[in-house]
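File shown: run_37.txt (compact mmCIF, C-alpha atoms).
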# COMPACT_ATOMS: atom_id res chain seq x y z
CA PHE W 17 120.24 -56.09 -162.20
CA LYS W 18 122.52 -55.05 -159.35
CA GLY W 19 123.14 -51.69 -161.04
CA LEU W 20 119.42 -51.03 -161.44
CA VAL W 21 118.81 -51.91 -157.80
CA GLU W 22 121.51 -49.37 -156.87
CA ALA W 23 119.76 -46.85 -159.12
CA GLY W 24 116.50 -47.37 -157.22
CA VAL W 25 114.48 -48.54 -160.24
CA ASP W 26 111.11 -49.85 -159.04
CA TYR W 27 110.67 -52.83 -161.38
CA VAL W 28 113.17 -54.66 -163.57
CA GLU W 29 111.72 -56.79 -166.35
CA LEU W 30 114.22 -59.51 -167.16
CA GLY W 31 112.50 -61.20 -170.10
CA TYR W 32 109.57 -63.35 -171.20
CA ARG W 33 107.81 -66.38 -169.77
CA ALA W 34 107.21 -68.10 -173.11
CA ASP W 35 105.95 -71.60 -173.85
CA LYS W 36 108.81 -74.02 -174.51
CA ALA W 37 106.48 -76.10 -176.68
CA GLN W 38 106.39 -73.15 -179.12
CA PHE W 39 109.94 -71.79 -178.85
CA ASN W 40 113.22 -73.68 -179.03
CA VAL W 41 115.37 -72.94 -175.98
CA GLU W 42 118.62 -73.27 -177.94
CA ASP W 43 117.45 -70.75 -180.53
CA HIS W 44 116.11 -68.15 -178.11
CA GLY W 45 118.17 -68.45 -174.93
CA PRO W 46 117.05 -68.37 -171.28
CA TRP W 47 115.46 -64.91 -171.20
CA ARG W 48 112.70 -65.94 -173.58
CA PHE W 49 111.54 -68.25 -170.78
CA CYS W 50 112.72 -66.80 -167.44
CA ASP W 51 112.79 -70.06 -165.55
CA GLU W 52 112.90 -69.52 -161.82
CA ALA W 53 116.42 -70.94 -161.51
CA ASP W 54 117.74 -68.63 -164.23
CA LEU W 55 116.12 -65.59 -162.62
CA ARG W 56 117.63 -66.41 -159.24
CA ASP W 57 121.03 -66.89 -160.88
CA VAL W 58 121.18 -63.25 -162.01
CA ALA W 59 118.83 -61.46 -159.61
CA PHE W 60 118.04 -61.34 -155.93
CA GLU W 61 115.18 -60.21 -153.75
CA SER W 62 115.40 -56.51 -153.02
CA GLU W 63 113.26 -54.39 -150.75
CA GLY W 64 113.05 -51.52 -153.24
CA THR W 65 113.28 -53.20 -156.66
CA LYS W 66 110.81 -55.84 -157.84
CA ILE W 67 111.18 -58.32 -160.69
CA SER W 68 108.68 -58.57 -163.51
CA VAL W 69 108.35 -60.82 -166.55
CA MET W 70 106.38 -60.38 -169.77
CA CYS W 71 103.88 -62.85 -171.19
CA ASP W 72 102.44 -62.75 -174.70
CA VAL W 73 98.88 -63.99 -175.06
CA GLY W 74 98.92 -67.28 -176.96
CA ARG W 75 102.64 -67.82 -176.39
CA THR W 76 102.69 -68.57 -172.67
CA ASP W 77 102.26 -71.77 -170.67
CA SER W 78 100.45 -70.53 -167.56
CA ALA W 79 100.87 -73.95 -165.94
CA THR W 80 104.51 -73.03 -165.28
CA PHE W 81 103.58 -70.10 -162.99
CA LEU W 82 104.56 -70.75 -159.39
CA PRO W 83 102.58 -69.37 -156.46
CA PHE W 84 103.79 -65.89 -155.56
CA ASP W 85 105.43 -66.96 -152.30
CA GLU W 86 107.57 -69.53 -154.15
CA SER W 87 108.86 -67.17 -156.84
CA ILE W 88 111.29 -64.27 -157.09
CA VAL W 89 108.86 -62.60 -159.54
CA SER W 90 106.53 -59.88 -158.25
CA MET W 91 104.68 -58.79 -161.40
CA TYR W 92 103.41 -60.41 -164.57
CA ARG W 93 102.92 -58.09 -167.56
CA ILE W 94 100.46 -59.53 -170.05
CA ALA W 95 100.82 -58.28 -173.64
CA CYS W 96 97.92 -58.58 -176.06
CA TYR W 97 96.18 -56.91 -178.96
CA ALA W 98 92.82 -55.32 -178.22
CA LYS W 99 91.00 -58.14 -179.99
CA GLU W 100 92.64 -60.63 -177.58
CA VAL W 101 91.67 -58.90 -174.36
CA ASP W 102 89.43 -61.82 -173.27
CA LYS W 103 92.42 -64.16 -173.42
CA ALA W 104 94.61 -61.58 -171.69
CA ILE W 105 92.14 -61.23 -168.83
CA LYS W 106 92.05 -65.01 -168.37
CA LEU W 107 95.86 -65.26 -168.26
CA ALA W 108 96.24 -62.18 -166.06
CA GLN W 109 93.59 -63.40 -163.64
CA HIS W 110 95.45 -66.68 -163.29
CA ALA W 111 98.58 -64.74 -162.25
CA LYS W 112 96.54 -62.49 -159.96
CA ASP W 113 94.96 -65.49 -158.25
CA LEU W 114 98.46 -66.82 -157.56
CA GLY W 115 99.26 -63.60 -155.70
CA TYR W 116 101.15 -61.52 -158.27
CA GLU W 117 100.79 -57.91 -159.29
CA VAL W 118 99.44 -57.81 -162.82
CA CYS W 119 99.30 -55.31 -165.64
CA VAL W 120 97.93 -55.66 -169.16
CA ASN W 121 99.66 -54.02 -172.12
CA ILE W 122 97.37 -53.30 -175.08
CA MET W 123 99.87 -53.43 -177.93
CA ALA W 124 99.81 -51.43 -181.15
CA ALA W 125 97.31 -48.86 -179.88
CA SER W 126 97.85 -46.89 -183.10
CA HIS W 127 96.15 -49.70 -185.05
CA VAL W 128 93.11 -50.15 -182.79
CA LEU W 129 89.71 -48.90 -183.87
CA GLU W 130 88.15 -46.58 -181.30
CA ILE W 131 85.18 -48.88 -180.67
CA GLU W 132 87.48 -51.87 -180.11
CA LEU W 133 89.65 -49.91 -177.69
CA ASN W 134 86.59 -48.71 -175.77
CA GLU W 135 85.36 -52.29 -175.42
CA ALA W 136 88.76 -53.57 -174.29
CA LEU W 137 89.09 -50.84 -171.66
CA ALA W 138 85.56 -51.48 -170.42
CA GLN W 139 86.37 -55.16 -169.92
CA LEU W 140 89.63 -54.38 -168.13
CA ALA W 141 87.84 -51.88 -165.89
CA GLU W 142 85.88 -54.80 -164.41
CA THR W 143 89.04 -56.65 -163.31
CA ASN W 144 91.15 -56.38 -160.17
CA PHE W 145 94.39 -55.83 -162.11
CA ASP W 146 96.92 -53.23 -160.99
CA ALA W 147 97.67 -51.36 -164.22
CA VAL W 148 96.85 -51.09 -167.91
CA TYR W 149 99.43 -49.84 -170.40
CA LEU W 150 99.14 -47.52 -173.37
CA VAL W 151 101.65 -48.95 -175.88
CA ASP W 152 102.98 -47.14 -178.94
CA SER W 153 104.40 -50.28 -180.54
CA PHE W 154 105.31 -48.68 -183.86
CA GLY W 155 106.65 -45.35 -182.57
CA TYR W 156 103.88 -43.55 -184.43
CA PHE W 157 102.24 -41.26 -181.86
CA TYR W 158 102.78 -37.55 -181.29
CA SER W 159 101.92 -35.64 -178.12
CA GLU W 160 98.34 -34.99 -179.24
CA GLN W 161 97.56 -38.71 -179.43
CA ILE W 162 99.29 -39.34 -176.10
CA HIS W 163 97.17 -36.64 -174.45
CA TYR W 164 93.93 -37.98 -175.94
CA LEU W 165 94.60 -41.63 -175.15
CA THR W 166 95.93 -40.98 -171.65
CA ASP W 167 92.73 -39.13 -170.79
CA LYS W 168 90.71 -41.99 -172.27
CA TYR W 169 92.57 -44.70 -170.34
CA ILE W 170 92.46 -42.86 -167.01
CA LYS W 171 88.74 -42.08 -167.36
CA ALA W 172 87.90 -45.65 -168.40
CA LEU W 173 89.96 -47.32 -165.65
CA PRO W 174 89.05 -45.80 -162.27
CA GLY W 175 91.07 -47.25 -159.42
CA LYS W 176 93.80 -48.58 -161.73
CA GLU W 177 97.17 -47.18 -162.62
CA VAL W 178 97.86 -46.35 -166.25
CA GLY W 179 101.27 -47.01 -167.78
CA ILE W 180 103.02 -45.98 -170.98
CA HIS W 181 105.45 -47.88 -173.20
CA CYS W 182 106.94 -45.99 -176.16
CA HIS W 183 109.15 -46.92 -179.09
CA ASN W 184 111.64 -44.48 -180.55
CA ASN W 185 111.13 -44.61 -184.31
CA GLN W 186 110.64 -40.84 -184.52
CA GLN W 187 112.89 -40.05 -181.55
CA LEU W 188 109.79 -39.21 -179.48
CA ALA W 189 109.78 -42.08 -176.98
CA PHE W 190 111.12 -39.96 -174.12
CA ALA W 191 109.10 -36.87 -175.03
CA ASN W 192 105.87 -38.87 -175.31
CA THR W 193 106.56 -40.61 -172.01
CA VAL W 194 106.97 -37.21 -170.36
CA GLU W 195 103.68 -36.10 -171.93
CA GLY W 196 102.04 -39.17 -170.40
CA ILE W 197 103.47 -38.33 -166.99
CA ILE W 198 102.16 -34.76 -167.26
CA LYS W 199 98.69 -36.14 -168.06
CA GLY W 200 98.64 -38.43 -165.02
CA ILE W 201 100.42 -41.67 -165.95
CA ASN W 202 102.41 -43.19 -163.07
CA TYR W 203 103.91 -46.35 -164.58
CA VAL W 204 106.59 -45.54 -167.17
CA ASP W 205 108.83 -47.93 -169.10
CA GLY W 206 112.44 -47.42 -170.05
CA SER W 207 115.40 -49.49 -171.17
CA ILE W 208 119.07 -48.85 -170.54
CA PHE W 209 120.54 -46.81 -173.43
CA GLY W 210 117.21 -47.33 -175.22
CA MET W 211 117.97 -50.99 -175.94
CA GLY W 212 115.11 -52.69 -177.77
CA ARG W 213 113.92 -54.10 -181.05
CA ALA W 214 114.60 -51.89 -184.06
CA ALA W 215 114.49 -48.22 -182.96
CA GLY W 216 114.42 -49.22 -179.32
CA ASN W 217 112.56 -47.66 -176.42
CA CYS W 218 112.50 -44.70 -174.08
CA THR W 219 115.81 -44.57 -172.24
CA THR W 220 115.96 -45.35 -168.54
CA GLU W 221 118.71 -42.80 -167.94
CA LEU W 222 116.65 -39.95 -169.46
CA LEU W 223 113.69 -40.89 -167.28
CA LEU W 224 115.83 -40.96 -164.13
CA GLY W 225 117.24 -37.56 -165.03
CA PHE W 226 113.78 -36.12 -165.69
CA LEU W 227 112.11 -37.42 -162.53
CA LYS W 228 114.67 -35.81 -160.21
CA ASN W 229 113.39 -37.94 -157.35
CA PRO W 230 115.98 -38.44 -154.56
CA LYS W 231 115.08 -42.15 -154.41
CA TYR W 232 116.69 -42.59 -157.84
CA ASP W 233 120.40 -42.45 -158.66
CA ILE W 234 121.34 -42.13 -162.32
CA ALA W 235 125.06 -42.80 -161.73
CA PRO W 236 124.91 -46.64 -161.62
CA VAL W 237 123.02 -46.66 -164.93
CA LEU W 238 125.62 -44.41 -166.54
CA ASP W 239 128.31 -46.84 -165.40
CA LEU W 240 126.36 -49.74 -166.94
CA ILE W 241 126.07 -47.88 -170.23
CA GLN W 242 129.78 -47.12 -170.40
CA LYS W 243 130.86 -50.61 -169.36
CA HIS W 244 128.41 -52.75 -171.31
CA PHE W 245 125.85 -51.00 -173.49
CA VAL W 246 128.00 -48.82 -175.77
CA VAL W 247 129.77 -51.90 -177.11
CA MET W 248 126.54 -53.89 -177.17
CA LYS W 249 124.81 -51.22 -179.25
CA ASP W 250 127.62 -51.25 -181.80
CA GLU W 251 127.09 -54.99 -182.18
CA LEU W 252 123.29 -55.24 -182.09
CA LYS W 253 122.44 -51.95 -183.86
CA TRP W 254 119.31 -50.76 -182.10
CA GLY W 255 118.30 -47.12 -182.12
CA TYR W 256 117.23 -44.44 -184.58
CA GLU W 257 117.77 -45.31 -188.25
CA VAL W 258 115.99 -44.05 -191.35
CA PRO W 259 114.22 -47.38 -192.10
CA TYR W 260 112.75 -47.31 -188.59
CA LEU W 261 111.70 -43.71 -189.14
CA VAL W 262 109.84 -44.80 -192.27
CA THR W 263 107.80 -47.49 -190.54
CA GLY W 264 107.16 -45.19 -187.58
CA VAL W 265 105.86 -42.30 -189.70
CA LEU W 266 103.72 -44.71 -191.72
CA ASN W 267 102.40 -46.58 -188.66
CA LYS W 268 103.82 -49.90 -189.86
CA HIS W 269 105.16 -52.92 -188.03
CA PRO W 270 109.00 -52.72 -187.96
CA ARG W 271 109.54 -56.16 -189.50
CA SER W 272 110.09 -54.64 -192.95
CA SER W 273 112.60 -52.11 -191.65
CA LEU W 274 114.43 -54.85 -189.74
CA GLN W 275 114.73 -56.79 -193.00
CA TYR W 276 116.03 -53.66 -194.74
CA MET W 277 118.69 -53.23 -192.06
CA LYS W 278 119.64 -56.90 -192.36
CA GLU W 279 120.08 -56.59 -196.11
CA ASP W 280 122.18 -53.47 -195.62
CA ALA W 281 124.44 -55.26 -193.13
CA GLU W 282 124.82 -58.24 -195.48
CA GLY W 283 125.66 -56.04 -198.46
CA THR W 284 122.63 -57.36 -200.40
CA LEU W 285 120.59 -54.15 -200.29
CA THR W 286 119.05 -53.13 -203.62
CA ARG W 287 116.71 -50.32 -202.50
CA SER W 288 117.43 -46.73 -201.52
CA TYR W 289 115.80 -45.05 -198.53
CA SER W 290 113.42 -43.27 -200.89
CA ASP W 291 112.55 -46.56 -202.63
CA PHE W 292 111.73 -48.03 -199.23
CA TRP W 293 109.56 -45.03 -198.37
CA ASN W 294 107.70 -45.13 -201.69
CA GLU W 295 107.14 -48.86 -201.45
CA PHE W 296 105.37 -48.65 -198.09
CA SER W 297 103.71 -45.27 -198.37
CA ASP W 298 101.72 -46.64 -201.33
CA THR W 299 100.40 -49.71 -199.47
CA GLU W 300 97.46 -50.16 -197.16
CA ASN W 301 98.11 -50.25 -193.42
CA ILE W 302 97.61 -53.95 -192.73
CA ASP W 303 99.14 -55.63 -189.71

In structure tokens, write the structure found in this file.
Amino acid sequence: FKGLVEAGVDYVELGYRADKAQFNVEDHGPWRFCDEADLRDVAFESEGTKISVMCDVGRTDSATFLPFDESIVSMYRIACYAKEVDKAIKLAQHAKDLGYEVCVNIMAASHVLEIELNEALAQLAETNFDAVYLVDSFGYFYSEQIHYLTDKYIKALPGKEVGIHCHNNQQLAFANTVEGIIKGINYVDGSIFGMGRAAGNCTTELLLGFLKNPKYDIAPVLDLIQKHFVVMKDELKWGYEVPYLVTGVLNKHPRSSLQYMKEDAEGTLTRSYSDFWNEFSDTENID
């Protein structure tokens, strides 16, 4: 967190605010829950860098939210599928009423029917939320889809910022984020060294290098990568791999590719890359 403050990053998302009745603390660790004491143990209030936490619709206990002036958190990011937008609006409005900045992330945009997306955006347009995110959860989109959807979101959400959150299954997370910026998106997500589930996300260091804004300093992030993230990546194995490519190209949830990678690591793998491709390219796209 200190390194990202030095880098001038605007928001640092430290984890989730999940419901402890649904998730075991010992199994998931503190950053699945982001209790106020844990946040204050690793972070501090900074004039230029705000703290955000993520909430999944249906997995969050909103009763644990403190009023804004009692918390170190500045923004709640509410993640939902388009069909859950009613629930997302209710949860986000609760956070907004407590004084927080709020954005809603419509996950898996590549699986949403056009009419459902239009309805979700129309409902969000009626809120007082700060931003709505275009999310390429499966790393499926190319620049053409980013252009089309960015125009759609911006037109449907006057007075709101639009954000973009990309996954790197096809090594396009950074490129697609840049395409979003070119089309008018102002909130962009990155993670240090691309750290994230499966193929990971757009890299913070590439974004800082691209923006070339004097308020940002890439050097502290490079130091973090060298000191912590190179070793961490060797252990946790995020980033581009062929199984993640397969699910990205086929617009599939990465759970199957994660299982493939687990079997490979355990030495129990019985399928080739081409077997994996053929297995999923012959199935219907059901989430």

Atom pair CA of Trp254 (chain W) + CA of Ala214 (chain W), distance 5.2 Å

Wanna dump the region 182-201 of chain W-region 224-245 of chain W contacts at 12 Å for me, each residue with its shortest atom pair and the distance in Å to one decimal, counting all atoms listed in the file, ordered by chain and number, as JSON lines?
{"residue": "W:Phe190", "atom": "CA", "partner": "W:Phe226", "partner_atom": "CA", "distance": 9.6}
{"residue": "W:Ala191", "atom": "CA", "partner": "W:Phe226", "partner_atom": "CA", "distance": 10.5}
{"residue": "W:Thr193", "atom": "CA", "partner": "W:Phe226", "partner_atom": "CA", "distance": 10.6}
{"residue": "W:Val194", "atom": "CA", "partner": "W:Phe226", "partner_atom": "CA", "distance": 8.3}
{"residue": "W:Glu195", "atom": "CA", "partner": "W:Phe226", "partner_atom": "CA", "distance": 11.9}
{"residue": "W:Ile197", "atom": "CA", "partner": "W:Leu227", "partner_atom": "CA", "distance": 9.8}
{"residue": "W:Ile198", "atom": "CA", "partner": "W:Leu227", "partner_atom": "CA", "distance": 11.3}

Mind listing whatever residues come within 7 Å of the point (106.8, -71.3, -175.1)? Use all atoms listed in the file, file coordinates, and give them as an MDAnalysis selection string. chainID W and resid 34:39 75:77

Hey, can I get the axis-aligned box for region 177-192 of chain W? All listed atoms, 6 Å padding on each side, centre and edge lengths in Å to one decimal, as lines of an AutoDock Vina configuration file.
center_x = 105.0
center_y = -42.4
center_z = -173.6
size_x = 27.7
size_y = 23.0
size_z = 33.9

Any idea what's packed within 12 Å of Glu160 (chain W), counting only C-alpha atoms, ignoring anything in its chain fewer than 5 positions away? Could you give it as an NGL selection string? :W and (165-167 or 191-192 or 195-196 or 199)

Quick one: residues within 7 Å of Cys96 (chain W), all atoms listed in the file, excluding same-chain residues fewer than 4 positions away - as an mmCIF file with C-alpha atoms, keeping the file's coordinate frame?
data_model
loop_
_atom_site.group_PDB
_atom_site.id
_atom_site.type_symbol
_atom_site.label_atom_id
_atom_site.label_comp_id
_atom_site.auth_asym_id
_atom_site.auth_seq_id
_atom_site.Cartn_x
_atom_site.Cartn_y
_atom_site.Cartn_z
ATOM 1 C CA ASP W 72 102.440 -62.750 -174.700
ATOM 2 C CA VAL W 73 98.880 -63.990 -175.060
ATOM 3 C CA GLU W 100 92.640 -60.630 -177.580
ATOM 4 C CA VAL W 101 91.670 -58.900 -174.360
ATOM 5 C CA ALA W 104 94.610 -61.580 -171.690
ATOM 6 C CA ASN W 121 99.660 -54.020 -172.120
ATOM 7 C CA ILE W 122 97.370 -53.300 -175.080
ATOM 8 C CA MET W 123 99.870 -53.430 -177.930
#

What's the separation between CA of Phe154 (chain W) and CA of Gln187 (chain W), in Å to one decimal place?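 Distance between the two atoms: 11.7 Å.
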
Could you state the separation of CA of Gly283 (chain W) and CA of Val262 (chain W) in Å, given to one decimal place?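 Result for CA of Gly283 (chain W) versus CA of Val262 (chain W): 20.4 Å, one decimal.
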
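When all atoms listed in the file are used to compute distances to Leu188 (chain W), the closest of the residues W:Ile170, W:Lys253, W:Ile201, W:Gly264 turns out to be W:Gly264.
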
Anything within 10 Å of (101.9, -51.3, -184.0): list those residues as JSON, numbers by chain, counting all atoms listed in the file and sticking to the file's coordinates. {"W": [97, 123, 124, 125, 126, 127, 128, 151, 152, 153, 154, 155, 156, 183, 263, 264, 267, 268, 269, 270, 303]}

W:Gly255, W:Gly179, W:Leu133, W:Gly115: which is nearest Ser207 (chain W), counting only C-alpha atoms?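 The closest residue to Ser207 (chain W) is W:Gly255.
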
Could region 50-86 of chain W be completed with N, CA and C atoms and returned as a PDB file, in the frame of the given file?
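Final file, result_26.pdb:
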ATOM      1  N   CYS W  50     112.617 -67.255-168.835  1.00  0.00           N
ATOM      2  CA  CYS W  50     112.720 -66.800-167.440  1.00  0.00           C
ATOM      3  C   CYS W  50     112.341 -67.880-166.440  1.00  0.00           C
ATOM      4  N   ASP W  51     112.981 -69.028-166.567  1.00  0.00           N
ATOM      5  CA  ASP W  51     112.790 -70.060-165.550  1.00  0.00           C
ATOM      6  C   ASP W  51     113.241 -69.532-164.196  1.00  0.00           C
ATOM      7  N   GLU W  52     112.616 -70.024-163.156  1.00  0.00           N
ATOM      8  CA  GLU W  52     112.900 -69.520-161.820  1.00  0.00           C
ATOM      9  C   GLU W  52     114.383 -69.635-161.472  1.00  0.00           C
ATOM     10  N   ALA W  53     115.005 -70.753-161.827  1.00  0.00           N
ATOM     11  CA  ALA W  53     116.420 -70.940-161.510  1.00  0.00           C
ATOM     12  C   ALA W  53     117.295 -69.921-162.228  1.00  0.00           C
ATOM     13  N   ASP W  54     116.969 -69.616-163.480  1.00  0.00           N
ATOM     14  CA  ASP W  54     117.740 -68.630-164.230  1.00  0.00           C
ATOM     15  C   ASP W  54     117.571 -67.236-163.638  1.00  0.00           C
ATOM     16  N   LEU W  55     116.354 -66.894-163.238  1.00  0.00           N
ATOM     17  CA  LEU W  55     116.120 -65.590-162.620  1.00  0.00           C
ATOM     18  C   LEU W  55     116.931 -65.447-161.333  1.00  0.00           C
ATOM     19  N   ARG W  56     116.917 -66.476-160.519  1.00  0.00           N
ATOM     20  CA  ARG W  56     117.630 -66.410-159.240  1.00  0.00           C
ATOM     21  C   ARG W  56     119.145 -66.418-159.431  1.00  0.00           C
ATOM     22  N   ASP W  57     119.601 -66.875-160.610  1.00  0.00           N
ATOM     23  CA  ASP W  57     121.030 -66.890-160.880  1.00  0.00           C
ATOM     24  C   ASP W  57     121.570 -65.488-161.144  1.00  0.00           C
ATOM     25  N   VAL W  58     120.714 -64.591-161.656  1.00  0.00           N
ATOM     26  CA  VAL W  58     121.180 -63.250-162.010  1.00  0.00           C
ATOM     27  C   VAL W  58     120.571 -62.153-161.135  1.00  0.00           C
ATOM     28  N   ALA W  59     119.530 -62.472-160.404  1.00  0.00           N
ATOM     29  CA  ALA W  59     118.830 -61.460-159.610  1.00  0.00           C
ATOM     30  C   ALA W  59     118.696 -61.928-158.167  1.00  0.00           C
ATOM     31  N   PHE W  60     118.226 -61.032-157.344  1.00  0.00           N
ATOM     32  CA  PHE W  60     118.040 -61.340-155.930  1.00  0.00           C
ATOM     33  C   PHE W  60     116.874 -60.514-155.420  1.00  0.00           C
ATOM     34  N   GLU W  61     116.304 -60.934-154.318  1.00  0.00           N
ATOM     35  CA  GLU W  61     115.180 -60.210-153.750  1.00  0.00           C
ATOM     36  C   GLU W  61     115.675 -58.921-153.125  1.00  0.00           C
ATOM     37  N   SER W  62     115.004 -57.835-153.481  1.00  0.00           N
ATOM     38  CA  SER W  62     115.400 -56.510-153.020  1.00  0.00           C
ATOM     39  C   SER W  62     114.184 -55.797-152.464  1.00  0.00           C
ATOM     40  N   GLU W  63     114.376 -55.086-151.390  1.00  0.00           N
ATOM     41  CA  GLU W  63     113.260 -54.390-150.750  1.00  0.00           C
ATOM     42  C   GLU W  63     112.677 -53.307-151.656  1.00  0.00           C
ATOM     43  N   GLY W  64     113.533 -52.641-152.453  1.00  0.00           N
ATOM     44  CA  GLY W  64     113.050 -51.520-153.240  1.00  0.00           C
ATOM     45  C   GLY W  64     112.812 -51.807-154.705  1.00  0.00           C
ATOM     46  N   THR W  65     113.376 -52.894-155.229  1.00  0.00           N
ATOM     47  CA  THR W  65     113.280 -53.200-156.660  1.00  0.00           C
ATOM     48  C   THR W  65     112.645 -54.572-156.850  1.00  0.00           C
ATOM     49  N   LYS W  66     111.536 -54.590-157.590  1.00  0.00           N
ATOM     50  CA  LYS W  66     110.810 -55.840-157.840  1.00  0.00           C
ATOM     51  C   LYS W  66     111.152 -56.365-159.233  1.00  0.00           C
ATOM     52  N   ILE W  67     110.907 -57.643-159.424  1.00  0.00           N
ATOM     53  CA  ILE W  67     111.180 -58.320-160.690  1.00  0.00           C
ATOM     54  C   ILE W  67     109.863 -58.574-161.406  1.00  0.00           C
ATOM     55  N   SER W  68     109.854 -58.265-162.696  1.00  0.00           N
ATOM     56  CA  SER W  68     108.680 -58.570-163.510  1.00  0.00           C
ATOM     57  C   SER W  68     109.095 -59.387-164.725  1.00  0.00           C
ATOM     58  N   VAL W  69     108.142 -60.103-165.296  1.00  0.00           N
ATOM     59  CA  VAL W  69     108.350 -60.820-166.550  1.00  0.00           C
ATOM     60  C   VAL W  69     107.158 -60.541-167.461  1.00  0.00           C
ATOM     61  N   MET W  70     107.402 -60.635-168.762  1.00  0.00           N
ATOM     62  CA  MET W  70     106.380 -60.380-169.770  1.00  0.00           C
ATOM     63  C   MET W  70     105.822 -61.694-170.295  1.00  0.00           C
ATOM     64  N   CYS W  71     104.533 -61.701-170.571  1.00  0.00           N
ATOM     65  CA  CYS W  71     103.880 -62.850-171.190  1.00  0.00           C
ATOM     66  C   CYS W  71     103.074 -62.380-172.390  1.00  0.00           C
ATOM     67  N   ASP W  72     103.254 -63.029-173.522  1.00  0.00           N
ATOM     68  CA  ASP W  72     102.440 -62.750-174.700  1.00  0.00           C
ATOM     69  C   ASP W  72     101.247 -63.696-174.719  1.00  0.00           C
ATOM     70  N   VAL W  73     100.072 -63.159-174.937  1.00  0.00           N
ATOM     71  CA  VAL W  73      98.880 -63.990-175.060  1.00  0.00           C
ATOM     72  C   VAL W  73      99.079 -64.984-176.206  1.00  0.00           C
ATOM     73  N   GLY W  74      98.780 -66.247-175.937  1.00  0.00           N
ATOM     74  CA  GLY W  74      98.920 -67.280-176.960  1.00  0.00           C
ATOM     75  C   GLY W  74     100.303 -67.872-177.065  1.00  0.00           C
ATOM     76  N   ARG W  75     101.264 -67.326-176.321  1.00  0.00           N
ATOM     77  CA  ARG W  75     102.640 -67.820-176.390  1.00  0.00           C
ATOM     78  C   ARG W  75     103.182 -68.184-175.015  1.00  0.00           C
ATOM     79  N   THR W  76     102.291 -68.370-174.064  1.00  0.00           N
ATOM     80  CA  THR W  76     102.690 -68.570-172.670  1.00  0.00           C
ATOM     81  C   THR W  76     102.036 -69.818-172.110  1.00  0.00           C
ATOM     82  N   ASP W  77     102.796 -70.602-171.371  1.00  0.00           N
ATOM     83  CA  ASP W  77     102.260 -71.770-170.670  1.00  0.00           C
ATOM     84  C   ASP W  77     102.011 -71.366-169.219  1.00  0.00           C
ATOM     85  N   SER W  78     100.766 -71.024-168.906  1.00  0.00           N
ATOM     86  CA  SER W  78     100.450 -70.530-167.560  1.00  0.00           C
ATOM     87  C   SER W  78     100.615 -71.605-166.496  1.00  0.00           C
ATOM     88  N   ALA W  79     100.687 -72.865-166.907  1.00  0.00           N
ATOM     89  CA  ALA W  79     100.870 -73.950-165.940  1.00  0.00           C
ATOM     90  C   ALA W  79     102.239 -73.884-165.267  1.00  0.00           C
ATOM     91  N   THR W  80     103.174 -73.137-165.856  1.00  0.00           N
ATOM     92  CA  THR W  80     104.510 -73.030-165.280  1.00  0.00           C
ATOM     93  C   THR W  80     104.599 -71.947-164.195  1.00  0.00           C
ATOM     94  N   PHE W  81     103.540 -71.162-163.995  1.00  0.00           N
ATOM     95  CA  PHE W  81     103.580 -70.100-162.990  1.00  0.00           C
ATOM     96  C   PHE W  81     103.574 -70.726-161.592  1.00  0.00           C
ATOM     97  N   LEU W  82     104.527 -70.317-160.786  1.00  0.00           N
ATOM     98  CA  LEU W  82     104.560 -70.750-159.390  1.00  0.00           C
ATOM     99  C   LEU W  82     103.677 -69.836-158.545  1.00  0.00           C
ATOM    100  N   PRO W  83     103.225 -70.304-157.383  1.00  0.00           N
ATOM    101  CA  PRO W  83     102.580 -69.370-156.460  1.00  0.00           C
ATOM    102  C   PRO W  83     103.536 -68.246-156.097  1.00  0.00           C
ATOM    103  N   PHE W  84     102.992 -67.082-155.816  1.00  0.00           N
ATOM    104  CA  PHE W  84     103.790 -65.890-155.560  1.00  0.00           C
ATOM    105  C   PHE W  84     104.851 -66.117-154.480  1.00  0.00           C
ATOM    106  N   ASP W  85     104.493 -66.803-153.408  1.00  0.00           N
ATOM    107  CA  ASP W  85     105.430 -66.960-152.300  1.00  0.00           C
ATOM    108  C   ASP W  85     106.546 -67.963-152.590  1.00  0.00           C
ATOM    109  N   GLU W  86     106.513 -68.602-153.765  1.00  0.00           N
ATOM    110  CA  GLU W  86     107.570 -69.530-154.150  1.00  0.00           C
ATOM    111  C   GLU W  86     108.461 -68.958-155.265  1.00  0.00           C
TER     112      GLU W  86
END
